[in-house]
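Step one of this worksheet: look at the structure below.
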Amino acid sequence: MHICSRPLRVAQLFHSVESRYAARSKYLAKLAITLATIGVATVTSFKPIVCALLFCLVSASGAAAQIMIDVNRITCDEFLHDTVTVPDNLAYWLAGYYDARLGNTEFDVGVLKHNVSKLEDYCQSHRDIMVMTAVETLIGLGR
C-alpha cells in the first residue's frame, strides 16, 4: 500500500500546485486589465527610452561647445600664454587658413612644427601685434 499511495500523493501535489498557479495567473490577468483601464502604462521596450535619453544628452552637450573666436583679434601675447585657446589649435587653424589662401592642399607636420616654432620666436619679440599679422610677415604675405 505504501508503493501504491505514492503516485496518488504526487498527483495530488501536482494538482494543488497547478491550481495555485491558475489562481495566480487569473489574478495577474485581472490586475493587468485593471491597470490598463485606469491608464497605467507598462514598459514593453526600453528602446524609445534609451533613444530619448541619448537625444537629450547630445542636444545638451552641443549647446555648450559652440564658442566663436575671432582669430584676427588674437595678439602674440595671448597666443604665447594660452589665454584664448591652446596654441596647437590655433596653429592648425592658421596653417589651414593660409594654406587655403596659397592654394596648398598638402599638410606636412614637420613644416608645421617648424613654422610654429618660428611664430613663437617672432611673437616673443613682438607681443603687441596680432598673430595673423605675424604669420603674414613670416610667410611674406601682405594684406
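Residue numbers start at 1 in each chain; chains themselves are named A, B, ... in the order of the C-alpha cells; ligands are numbered from 1 in the order shown.
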
Would you list the contacts of Asn72 in chain A as a compact mmCIF listing (two decimals) with N, CA and C atoms, in the first residue's frame, taking every protein, DNA or RNA residue within 9 Å and counting only C-alpha atoms, but skipping same-chain residues closer than 6 positions in sequence?
# COMPACT_ATOMS: atom_id res chain seq x y z
N MET A 130 49.10 91.47 -33.82
CA MET A 130 48.15 90.37 -33.98
C MET A 130 48.87 89.16 -34.58
N VAL A 131 48.43 87.98 -34.19
CA VAL A 131 49.05 86.74 -34.65
C VAL A 131 48.96 86.61 -36.16
N MET A 132 47.83 86.98 -36.73
CA MET A 132 47.69 86.87 -38.19
C MET A 132 48.66 87.80 -38.91
N THR A 133 48.91 88.96 -38.35
CA THR A 133 49.89 89.87 -38.94
C THR A 133 51.28 89.26 -38.84

12 Å contact set for Asp99 in chain A, only C-alpha atoms, chain neighbours under 2 positions out, as a PyMOL selection string
chain A and resi 91-97+101-108+111-112+135-136+139+141

What is the distance between CA of Ser117 in chain A and CA of Ile67 in chain A, in Å to one decimal?
26.5 Å

Can you pull out every residue within 9 Å of range 76-90 of chain A, counting only C-alpha atoms, but drop anything in the same chain fewer than 6 positions away, and send it as a list in words?
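That gives Ile69, Val116, Leu119, Glu120, Tyr122, Cys123, Gln124, His126, Arg127, Asp128, Ile129, Met130, Val131, Met132 and Ala134 of chain A.
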